[in-house]
>>> print(open('data.cif').read())   # mmCIF, C-alpha atoms and all ligand atoms
data_data
loop_
_atom_site.label_atom_id
_atom_site.label_comp_id
_atom_site.auth_asym_id
_atom_site.auth_seq_id
_atom_site.Cartn_x
_atom_site.Cartn_y
_atom_site.Cartn_z
CA MET A 1 3.97 15.89 19.56
CA PRO A 2 2.23 12.72 18.34
CA ALA A 3 4.25 9.49 18.48
CA PRO A 4 5.88 8.20 15.24
CA LEU A 5 3.49 6.26 13.02
CA LEU A 6 4.04 3.01 11.13
CA ALA A 7 2.83 3.42 7.54
CA ARG A 8 2.12 -0.27 6.89
CA ALA A 9 2.63 -1.95 3.51
CA LYS A 10 -0.69 -2.63 1.78
CA ILE A 11 -1.02 -5.97 0.04
CA ASN A 12 -3.76 -6.78 -2.49
CA TYR A 13 -4.42 -10.46 -1.68
CA ALA A 14 -6.94 -10.48 -4.55
CA LEU A 15 -7.55 -7.75 -7.13
CA HIS A 16 -10.27 -8.03 -9.75
CA VAL A 17 -10.71 -5.32 -12.38
CA THR A 18 -14.43 -5.32 -13.20
CA GLY A 19 -14.97 -2.20 -15.31
CA ARG A 20 -13.83 1.26 -16.27
CA ARG A 21 -15.48 4.62 -15.61
CA ALA A 22 -15.91 7.34 -18.23
CA ASP A 23 -12.97 9.26 -16.65
CA GLY A 24 -10.64 6.30 -17.28
CA TYR A 25 -10.41 5.13 -13.65
CA HIS A 26 -10.97 1.40 -13.24
CA LEU A 27 -13.56 -0.32 -11.07
CA LEU A 28 -11.89 -2.74 -8.69
CA GLN A 29 -12.80 -5.37 -6.15
CA SER A 30 -9.95 -6.18 -3.83
CA LEU A 31 -9.22 -7.90 -0.55
CA VAL A 32 -6.42 -5.95 1.11
CA ALA A 33 -4.42 -6.62 4.26
CA PHE A 34 -1.51 -4.82 5.94
CA ALA A 35 1.90 -6.10 7.01
CA GLU A 36 3.39 -5.18 10.37
CA PHE A 37 6.19 -3.53 8.43
CA GLY A 38 6.32 -0.20 6.66
CA ASP A 39 7.68 3.31 6.49
CA VAL A 40 7.91 5.30 9.72
CA LEU A 41 6.76 8.93 9.82
CA SER A 42 7.68 11.14 12.77
CA ALA A 43 7.25 14.85 13.50
CA GLU A 44 8.74 17.49 15.78
CA PRO A 45 7.70 21.11 16.18
CA THR A 46 9.91 23.53 14.27
CA ALA A 47 10.62 27.25 14.54
CA GLY A 48 10.63 27.45 10.72
CA ALA A 49 7.78 29.07 8.79
CA ASP A 50 6.88 25.93 6.78
CA HIS A 51 6.81 22.19 7.16
CA ALA A 52 10.15 20.54 6.41
CA LEU A 53 10.54 16.92 5.31
CA THR A 54 13.71 14.88 5.73
CA LEU A 55 13.99 11.50 3.99
CA LYS A 56 16.07 8.67 5.41
CA GLY A 57 16.21 4.89 5.15
CA PRO A 58 17.00 2.41 2.36
CA PHE A 59 14.61 3.92 -0.23
CA ALA A 60 15.10 7.63 0.57
CA GLY A 61 17.41 8.01 -2.43
CA ALA A 62 14.98 6.32 -4.82
CA LEU A 63 12.17 8.59 -3.65
CA ALA A 64 14.19 11.81 -3.89
CA ALA A 65 15.28 10.85 -7.41
CA ASP A 66 11.69 9.97 -8.39
CA THR A 67 10.07 13.15 -7.06
CA ALA A 68 10.02 15.96 -9.59
CA GLY A 69 10.95 19.60 -9.00
CA ASP A 70 13.91 21.51 -7.55
CA ASN A 71 12.80 20.90 -4.00
CA LYS A 72 13.16 17.13 -4.06
CA THR A 73 10.61 16.60 -1.30
CA GLY A 74 8.08 19.21 -2.49
CA ASP A 75 5.90 16.70 -4.36
CA ASN A 76 6.02 14.15 -1.59
CA LEU A 77 2.62 12.76 -0.66
CA VAL A 78 3.36 13.54 3.01
CA LEU A 79 3.45 17.29 2.34
CA ARG A 80 0.52 17.12 -0.09
CA ALA A 81 -1.51 15.35 2.61
CA LEU A 82 -0.72 18.03 5.21
CA ASP A 83 -1.70 20.80 2.75
CA ALA A 84 -4.99 19.04 1.95
CA LEU A 85 -5.69 18.58 5.67
CA ALA A 86 -5.13 22.25 6.53
CA ARG A 87 -7.28 23.36 3.57
CA ALA A 88 -10.14 21.01 4.48
CA PHE A 89 -10.24 21.94 8.16
CA GLY A 90 -9.44 25.63 7.59
CA THR A 91 -7.17 25.51 10.62
CA ALA A 92 -3.54 26.55 10.75
CA LEU A 93 -1.34 23.54 11.23
CA PRO A 94 1.75 24.32 13.35
CA PRO A 95 4.89 23.97 11.15
CA LEU A 96 6.32 20.48 11.52
CA ALA A 97 9.79 19.05 11.00
CA LEU A 98 8.93 15.63 9.60
CA THR A 99 11.17 12.63 9.09
CA LEU A 100 10.15 9.83 6.74
CA ASP A 101 12.08 6.61 7.19
CA LYS A 102 11.47 5.13 3.73
CA ARG A 103 11.66 1.34 4.15
CA LEU A 104 9.21 0.34 1.41
CA PRO A 105 10.32 0.31 -2.23
CA VAL A 106 8.85 3.12 -4.34
CA ALA A 107 6.23 2.45 -7.06
CA SER A 108 6.06 -1.20 -6.10
CA GLY A 109 2.38 -2.15 -5.69
CA ILE A 110 2.34 -2.06 -1.89
CA GLY A 111 1.11 1.51 -1.50
CA GLY A 112 4.07 3.01 0.34
CA GLY A 113 3.29 6.54 -0.79
CA SER A 114 -0.38 6.05 0.03
CA ALA A 115 0.46 4.74 3.50
CA ASP A 116 2.76 7.75 4.05
CA ALA A 117 -0.04 10.12 3.03
CA ALA A 118 -2.47 8.36 5.39
CA ALA A 119 0.05 8.55 8.26
CA ALA A 120 0.56 12.27 7.54
CA LEU A 121 -3.22 12.85 7.79
CA ARG A 122 -3.35 11.13 11.20
CA LEU A 123 -0.20 12.83 12.47
CA GLY A 124 -1.27 16.22 11.14
CA PHE A 125 -4.69 15.91 12.74
CA ALA A 126 -3.13 15.01 16.09
CA ALA A 127 -0.72 17.99 15.83
CA MET A 128 -3.61 20.31 14.93
CA ALA A 129 -6.20 19.13 17.46
CA GLY A 130 -3.99 17.72 20.22
CA ARG A 131 -6.00 14.48 20.20
CA GLU A 132 -7.03 11.51 18.06
CA PRO A 133 -9.85 12.05 15.53
CA GLY A 134 -13.42 11.11 16.50
CA GLU A 135 -15.72 9.08 14.23
CA ASP A 136 -17.01 12.07 12.21
CA GLU A 137 -13.49 13.46 11.87
CA MET A 138 -12.24 10.06 10.64
CA ALA A 139 -14.93 10.19 7.94
CA ARG A 140 -13.63 13.63 6.89
CA LEU A 141 -10.05 12.34 6.89
CA ALA A 142 -11.19 9.45 4.65
CA GLU A 143 -12.74 11.97 2.23
CA ILE A 144 -9.51 13.98 2.11
CA ALA A 145 -7.61 10.69 1.66
CA GLY A 146 -9.68 9.88 -1.44
CA THR A 147 -8.55 13.13 -3.08
CA LEU A 148 -4.88 12.14 -2.62
CA GLY A 149 -5.06 8.73 -4.30
CA ALA A 150 -7.28 5.67 -4.69
CA ASP A 151 -5.25 3.67 -2.15
CA VAL A 152 -5.07 6.34 0.58
CA PRO A 153 -8.46 5.68 2.27
CA MET A 154 -7.69 1.96 2.72
CA CYS A 155 -4.25 2.87 4.12
CA LEU A 156 -5.91 5.32 6.54
CA ALA A 157 -7.96 2.38 7.87
CA SER A 158 -4.87 0.11 7.72
CA THR A 159 -6.90 -2.97 8.61
CA PRO A 160 -8.01 -5.93 6.45
CA ALA A 161 -10.82 -4.82 4.13
CA LEU A 162 -12.82 -5.50 1.01
CA VAL A 163 -12.50 -2.46 -1.23
CA SER A 164 -14.61 -1.52 -4.24
CA GLY A 165 -15.42 1.38 -6.55
CA THR A 166 -12.11 2.84 -7.69
CA GLY A 167 -10.63 1.52 -4.44
CA THR A 168 -11.91 4.28 -2.20
CA GLU A 169 -14.95 2.37 -0.84
CA VAL A 170 -13.51 0.50 2.12
CA ALA A 171 -15.42 -2.13 4.11
CA SER A 172 -13.26 -3.28 7.04
CA LEU A 173 -13.49 -7.01 7.77
CA PRO A 174 -14.96 -7.93 11.17
CA ARG A 175 -12.45 -10.77 11.59
CA PHE A 176 -9.24 -11.92 9.95
CA PRO A 177 -6.89 -14.82 10.74
CA GLY A 178 -3.35 -13.84 11.79
CA HIS A 179 -0.51 -15.25 9.66
CA ALA A 180 2.75 -14.13 8.04
CA ILE A 181 3.76 -12.70 4.70
CA LEU A 182 6.92 -12.70 2.64
CA LEU A 183 7.35 -9.76 0.27
CA ALA A 184 9.78 -9.83 -2.65
CA ASN A 185 10.54 -7.18 -5.27
CA PRO A 186 13.05 -7.53 -8.12
CA GLY A 187 14.10 -3.87 -7.89
CA LEU A 188 12.05 -2.62 -10.80
CA PRO A 189 9.74 0.37 -10.23
CA VAL A 190 6.46 -0.12 -12.13
CA ALA A 191 4.20 2.84 -12.99
CA THR A 192 0.58 2.02 -12.08
CA PRO A 193 -1.06 3.81 -15.10
CA GLU A 194 1.14 1.84 -17.51
CA VAL A 195 -0.06 -1.46 -16.04
CA PHE A 196 -3.75 -0.48 -16.21
CA ALA A 197 -3.21 0.67 -19.80
CA ARG A 198 -1.97 -2.81 -20.80
CA LEU A 199 -5.07 -4.65 -19.53
CA GLU A 200 -6.66 -6.76 -22.27
CA ARG A 201 -10.03 -7.04 -20.50
CA ARG A 202 -11.65 -4.58 -18.15
CA ASP A 203 -14.86 -6.55 -17.53
CA ASN A 204 -13.48 -9.47 -15.56
CA PRO A 205 -15.67 -11.58 -13.21
CA PRO A 206 -16.17 -10.11 -9.72
CA LEU A 207 -14.85 -11.63 -6.48
CA SER A 208 -16.89 -14.58 -5.22
CA PRO A 209 -18.86 -13.75 -2.05
CA LEU A 210 -16.75 -13.76 1.10
CA ALA A 211 -18.52 -15.63 3.91
CA ASP A 212 -17.70 -15.17 7.57
CA SER A 213 -16.50 -18.80 7.59
CA ASP A 214 -13.90 -17.91 4.91
CA LEU A 215 -12.22 -15.69 7.52
CA ALA A 216 -12.44 -18.15 10.42
CA THR A 217 -9.01 -19.75 9.90
CA PHE A 218 -5.90 -19.19 7.80
CA ASP A 219 -6.68 -22.41 5.85
CA ALA A 220 -10.17 -21.12 5.04
CA LEU A 221 -8.78 -17.76 3.89
CA VAL A 222 -6.27 -19.48 1.60
CA GLY A 223 -9.08 -21.68 0.23
CA TRP A 224 -11.14 -18.60 -0.65
CA LEU A 225 -8.14 -16.80 -2.15
CA GLU A 226 -7.42 -19.77 -4.45
CA GLY A 227 -10.59 -18.88 -6.35
CA THR A 228 -9.48 -15.27 -6.84
CA ARG A 229 -6.91 -13.47 -9.03
CA ASN A 230 -4.86 -10.35 -9.50
CA ASP A 231 -6.02 -9.14 -12.92
CA LEU A 232 -3.04 -6.77 -13.11
CA GLU A 233 -0.55 -9.65 -12.99
CA THR A 234 -0.61 -10.41 -16.75
CA PRO A 235 -0.19 -6.78 -17.92
CA ALA A 236 2.51 -6.18 -15.27
CA LEU A 237 4.42 -9.27 -16.44
CA ARG A 238 4.33 -7.88 -19.98
CA LEU A 239 5.78 -4.60 -18.73
CA ALA A 240 8.30 -6.12 -16.30
CA PRO A 241 9.14 -9.75 -17.24
CA PRO A 242 11.44 -10.35 -14.18
CA ILE A 243 8.26 -10.49 -12.05
CA ALA A 244 7.84 -14.07 -13.37
CA GLU A 245 11.06 -15.13 -11.64
CA VAL A 246 9.91 -13.65 -8.33
CA LEU A 247 6.56 -15.45 -8.55
CA ALA A 248 8.27 -18.72 -9.45
CA ALA A 249 10.65 -18.46 -6.45
CA LEU A 250 7.81 -17.69 -4.03
CA ARG A 251 5.57 -20.49 -5.37
CA VAL A 252 8.15 -23.18 -4.57
CA ALA A 253 9.14 -21.78 -1.14
CA PRO A 254 8.47 -24.53 1.44
CA GLY A 255 5.45 -23.57 3.54
CA ALA A 256 4.15 -20.94 1.07
CA ARG A 257 0.38 -21.43 0.82
CA LEU A 258 -0.32 -18.83 -1.89
CA ALA A 259 1.96 -16.69 -4.07
CA ARG A 260 0.74 -13.73 -6.09
CA MET A 261 1.61 -10.19 -7.19
CA SER A 262 0.30 -7.21 -5.18
CA GLY A 263 -1.39 -4.20 -6.83
CA SER A 264 0.23 -3.15 -10.10
CA GLY A 265 3.53 -4.80 -9.07
CA ALA A 266 6.33 -5.50 -9.08
CA THR A 267 6.21 -6.66 -5.43
CA CYS A 268 4.97 -10.24 -5.05
CA PHE A 269 4.01 -12.01 -1.85
CA ALA A 270 3.69 -15.46 -0.34
CA LEU A 271 1.48 -16.30 2.64
CA PHE A 272 2.68 -18.54 5.48
CA ALA A 273 0.99 -19.87 8.61
CA GLY A 274 3.74 -18.51 10.90
CA ILE A 275 6.47 -15.87 10.96
CA GLU A 276 9.31 -18.39 11.57
CA GLU A 277 8.64 -20.09 8.21
CA ALA A 278 8.36 -16.73 6.44
CA GLU A 279 11.64 -15.50 7.97
CA ARG A 280 13.43 -18.74 7.06
CA GLU A 281 12.34 -18.36 3.43
CA ALA A 282 13.30 -14.66 3.50
CA ARG A 283 16.85 -15.65 4.48
CA ARG A 284 16.99 -18.32 1.78
CA LEU A 285 15.71 -15.98 -0.92
CA THR A 286 18.09 -13.20 0.16
CA ASP A 287 21.05 -15.60 -0.27
CA ARG A 288 19.92 -16.56 -3.76
CA HIS A 289 18.81 -13.13 -4.95
CA PRO A 290 20.95 -10.48 -3.25
CA GLY A 291 19.61 -7.80 -5.62
CA TRP A 292 15.96 -8.27 -4.62
CA TRP A 293 14.19 -6.48 -1.79
CA ILE A 294 12.90 -9.19 0.54
CA GLN A 295 11.00 -8.77 3.78
CA ALA A 296 9.03 -11.11 6.06
CA ALA A 297 6.42 -9.69 8.44
CA PRO A 298 3.43 -10.75 10.54
CA VAL A 299 -0.09 -9.90 9.42
CA ALA A 300 -2.11 -9.19 12.55
CA ALA A 301 -5.36 -10.99 13.36
CA VAL A 302 -8.64 -9.14 13.71
CA ALA A 303 -10.62 -10.97 16.36
C1 LIG B 401 -3.35 -0.67 -8.32
C2 LIG B 401 -3.57 -0.31 -6.87
C3 LIG B 401 -4.42 -1.41 -6.20
O1 LIG B 401 -4.58 -1.20 -4.82
O2 LIG B 401 -2.40 -0.23 -6.10
P1 LIG B 401 -0.82 0.11 -6.36
O3 LIG B 401 -0.30 -0.77 -7.42
O4 LIG B 401 -0.72 1.56 -6.72
O5 LIG B 401 -0.16 -0.15 -5.02
C4 LIG B 401 -4.38 1.01 -6.78
O6 LIG B 401 -5.61 0.89 -7.43
C5 LIG B 401 -3.69 2.23 -7.27
O7 LIG B 401 -3.95 3.22 -6.32
P2 LIG B 401 -3.10 4.60 -6.28
O8 LIG B 401 -1.67 4.30 -6.58
O9 LIG B 401 -3.45 5.31 -5.03
O10 LIG B 401 -3.74 5.27 -7.54
P3 LIG B 401 -3.92 6.81 -7.92
O11 LIG B 401 -2.72 7.59 -7.49
O12 LIG B 401 -5.28 7.26 -7.51
O13 LIG B 401 -3.92 6.66 -9.50
C6 LIG B 401 -2.77 6.39 -10.26
C7 LIG B 401 -3.19 5.94 -11.64
O14 LIG B 401 -3.62 4.57 -11.59
C8 LIG B 401 -4.72 4.35 -12.45
N1 LIG B 401 -5.88 3.88 -11.67
C9 LIG B 401 -5.84 3.90 -10.30
C10 LIG B 401 -6.91 3.45 -9.55
C11 LIG B 401 -8.04 2.95 -10.27
N2 LIG B 401 -9.10 2.49 -9.60
N3 LIG B 401 -8.05 2.94 -11.60
C12 LIG B 401 -6.98 3.38 -12.32
O15 LIG B 401 -7.01 3.34 -13.55
C13 LIG B 401 -4.98 5.66 -13.17
O16 LIG B 401 -4.25 5.61 -14.37
C14 LIG B 401 -4.37 6.68 -12.23
O17 LIG B 401 -3.95 7.84 -12.91
N1 LIG B 402 6.13 9.35 0.32
C1 LIG B 402 6.14 8.76 -0.88
N2 LIG B 402 6.48 7.47 -1.00
C2 LIG B 402 6.44 6.84 -2.21
N3 LIG B 402 6.11 7.44 -3.34
C3 LIG B 402 5.76 8.73 -3.30
C4 LIG B 402 5.76 9.44 -2.06
N4 LIG B 402 5.39 10.69 -2.33
C5 LIG B 402 5.17 10.76 -3.65
N5 LIG B 402 5.39 9.60 -4.24
C6 LIG B 402 5.18 9.28 -5.68
O1 LIG B 402 4.10 8.33 -5.80
C7 LIG B 402 4.40 7.32 -6.77
C8 LIG B 402 3.77 5.99 -6.34
O2 LIG B 402 4.41 5.56 -5.19
P1 LIG B 402 4.05 4.29 -4.29
O3 LIG B 402 2.96 4.60 -3.36
O4 LIG B 402 5.33 3.82 -3.71
O5 LIG B 402 3.53 3.25 -5.38
P2 LIG B 402 2.74 1.89 -5.20
O6 LIG B 402 1.38 2.20 -4.64
O7 LIG B 402 2.67 1.30 -6.58
O8 LIG B 402 3.57 1.04 -4.26
C9 LIG B 402 5.94 7.28 -6.85
O9 LIG B 402 6.33 7.11 -8.18
C10 LIG B 402 6.41 8.62 -6.28
O10 LIG B 402 6.89 9.48 -7.25
#
>>> encode(input="data.cif", output="structure tokens", more="lines below")
Ligand SMILES: C[C@@](CO)(OP(=O)(O)O)[C@H](O)COP(=O)(O)OP(=O)(O)OC[C@H]1O[C@@H](n2ccc(N)nc2=O)[C@H](O)[C@@H]1O
Ligand SMILES: Nc1ncnc2c1ncn2[C@@H]1O[C@H](COP(=O)(O)OP(=O)(O)O)[C@@H](O)[C@H]1O
Amino acid sequence: MPAPLLARAKINYALHVTGRRADGYHLLQSLVAFAEFGDVLSAEPTAGADHALTLKGPFAGALAADTAGDNKTGDNLVLRALDALARAFGTALPPLALTLDKRLPVASGIGGGSADAAAALRLGFAAMAGREPGEDEMARLAEIAGTLGADVPMCLASTPALVSGTGTEVASLPRFPGHAILLANPGLPVATPEVFARLERRDNPPLSPLADSDLATFDALVGWLEGTRNDLETPALRLAPPIAEVLAALRVAPGARLARMSGSGATCFALFAGIEEAEREARRLTDRHPGWWIQAAPVAAVA
């Protein structure tokens, strides 16, 4: 059986909404990166006739309550991803007993469900083929990923990238400076469509060009990010006002170089040069806001 997979949290460092398609989906330009923290998906063979999914971890309850239907895990993106994989490859997938350790808050702008779906595609492929996917097979997995959600292809890559289109066009960055991130969520689930619906403008200016030198150091990256935005921040604040308090707390954290909301919220992040500073601020914030979800993690370099 394939080894357990880390379904890393996705963070939109910058997110510009530049248009809207006729089908209502928005055109985005985003710089995304991934924290070395996330859900963990594991699988064992099972004698049962179908896949079985067990949820555990701090957000298992929230997910079970959020997922519709009598079978509380039936709508889970993990099982939908395995179904889509088997259909696309036309190959029987051996029934799997899956365990999802749900460590990322649900509906929180850091793509936990999308990362789980991407991990399920990788794990399912390995269980089906007995090996890792080749380049052509990865391209097919990315296509399947795009049918599961706009964020799933970027989570399949799980490496810093510029994304465009509706989010499914993923250009991995050739280099990226390592640093640390502090994630904070006030405990409010936010529905992505409701945030998009509250946008006042859908024709915002695009990202400024990203030069290789902007990725050479952490300072240079922060400098570039200072000229960018998250266009979903204002509509999300209207929907969930407590996000303002999270942003304010992160902005004044000693050592925080940039504080912003990720995706459609409500999770916000601050960037730090090193993990020690991020962990120190995580402890401080946890003392002051025991009801918030707070997590520090490294963001790996791409050399
Ligand atoms: C906003 C972002 C930014 O990365 O992240 P999250 O806040 O979800 O983490 C994504 O675009 C979310 O991606 P994902 O959550 O996979 O979206 P989907 O399941 O495909 O779509 C959910 C809903 O979001 C809206 N949507 C999503 C993507 C997009 N480009 N335009 C949209 O308008 C649509 O209302 C759609 O019905
Ligand atoms: N494995 C999963 N983890 C999280 N959410 C899931 C999962 N499977 C299905 N969902 C559904 O997808 C929705 C979006 O979840 P999530 O990816 O956590 O949002 P976001 O991208 O905003 O962080 C949830 O409301 C939930 O009902």
>>> residues_around(input="data.cif", residues="Ala119 (chain A)", least_positions_apart="6", cutoff="12 Å", atoms="all atoms listed in the file", output="ChimeraX atom specification")
/A:2-9,38-43,77-82,85,98-100,112-113,125-126,141-142,145,152-158
>>> atom_distance(input="data.cif", atom1="CA of Gly90 (chain A)", atom2="CA of Ala127 (chain A)")
14.2 Å
>>> closest_residue(input="data.cif", among="A:Trp224, A:Tyr25, A:Phe176, A:Phe196", to="ligand LIG 402 (chain B)", atoms="only C-alpha atoms and all ligand atoms")
A:Phe196
>>> residues_near_ligand(input="data.cif", ligand="ligand LIG 402 (chain B)", cutoff="9 Å", atoms="only C-alpha atoms and all ligand atoms", output="count of residues only")
48
>>> closest_residue(input="data.cif", among="A:Ala244, A:Ala296, A:Asp231, A:Gly255", to="Pro206 (chain A)", atoms="only C-alpha atoms")
A:Asp231
>>> atom_distance(input="data.cif", atom1="CA of Ala84 (chain A)", atom2="CA of Asn12 (chain A)")
26.2 Å
>>> closest_residue(input="data.cif", among="A:Ala236, A:Leu121, A:Ala129, A:Ala256", to="Ala92 (chain A)", atoms="all atoms listed in the file")
A:Ala129
>>> axis_aligned_box(input="data.cif", around="region 148-161 of chain A", padding_each_side="6 Å", output="lines of an AutoDock Vina configuration file")
center_x = -7.5
center_y = 3.1
center_z = 2.0
size_x = 18.6
size_y = 30.1
size_z = 25.3
>>> residues_around(input="data.cif", residues="Glu245 (chain A)", least_positions_apart="4", cutoff="12 Å", atoms="only C-alpha atoms", output="number ranges by chain")
A: 184-186, 237, 240-241, 249-252, 259-261, 266-268, 285, 288-289, 292
>>> closest_residue(input="data.cif", among="A:Glu132, A:Glu200, A:Glu143, A:Asp214", to="Arg175 (chain A)", atoms="all atoms listed in the file")
A:Asp214
>>> atom_distance(input="data.cif", atom1="CA of Val32 (chain A)", atom2="CA of Ala86 (chain A)")
28.7 Å
>>> closest_residue(input="data.cif", among="A:Arg122, A:Arg202, A:His179, A:Arg284", to="ligand LIG 401 (chain B)", atoms="all atoms listed in the file")
A:Arg202
>>> residues_around(input="data.cif", residues="Gly165 (chain A)", least_positions_apart="4", cutoff="12 Å", atoms="all atoms listed in the file", output="ChimeraX atom specification")
/A:16-21,25-30,146,150-151,169-171,206
>>> closest_residue(input="data.cif", among="A:Ala118, A:Ala49, A:Ala180, A:Ala278", to="Leu93 (chain A)", atoms="all atoms listed in the file")
A:Ala49
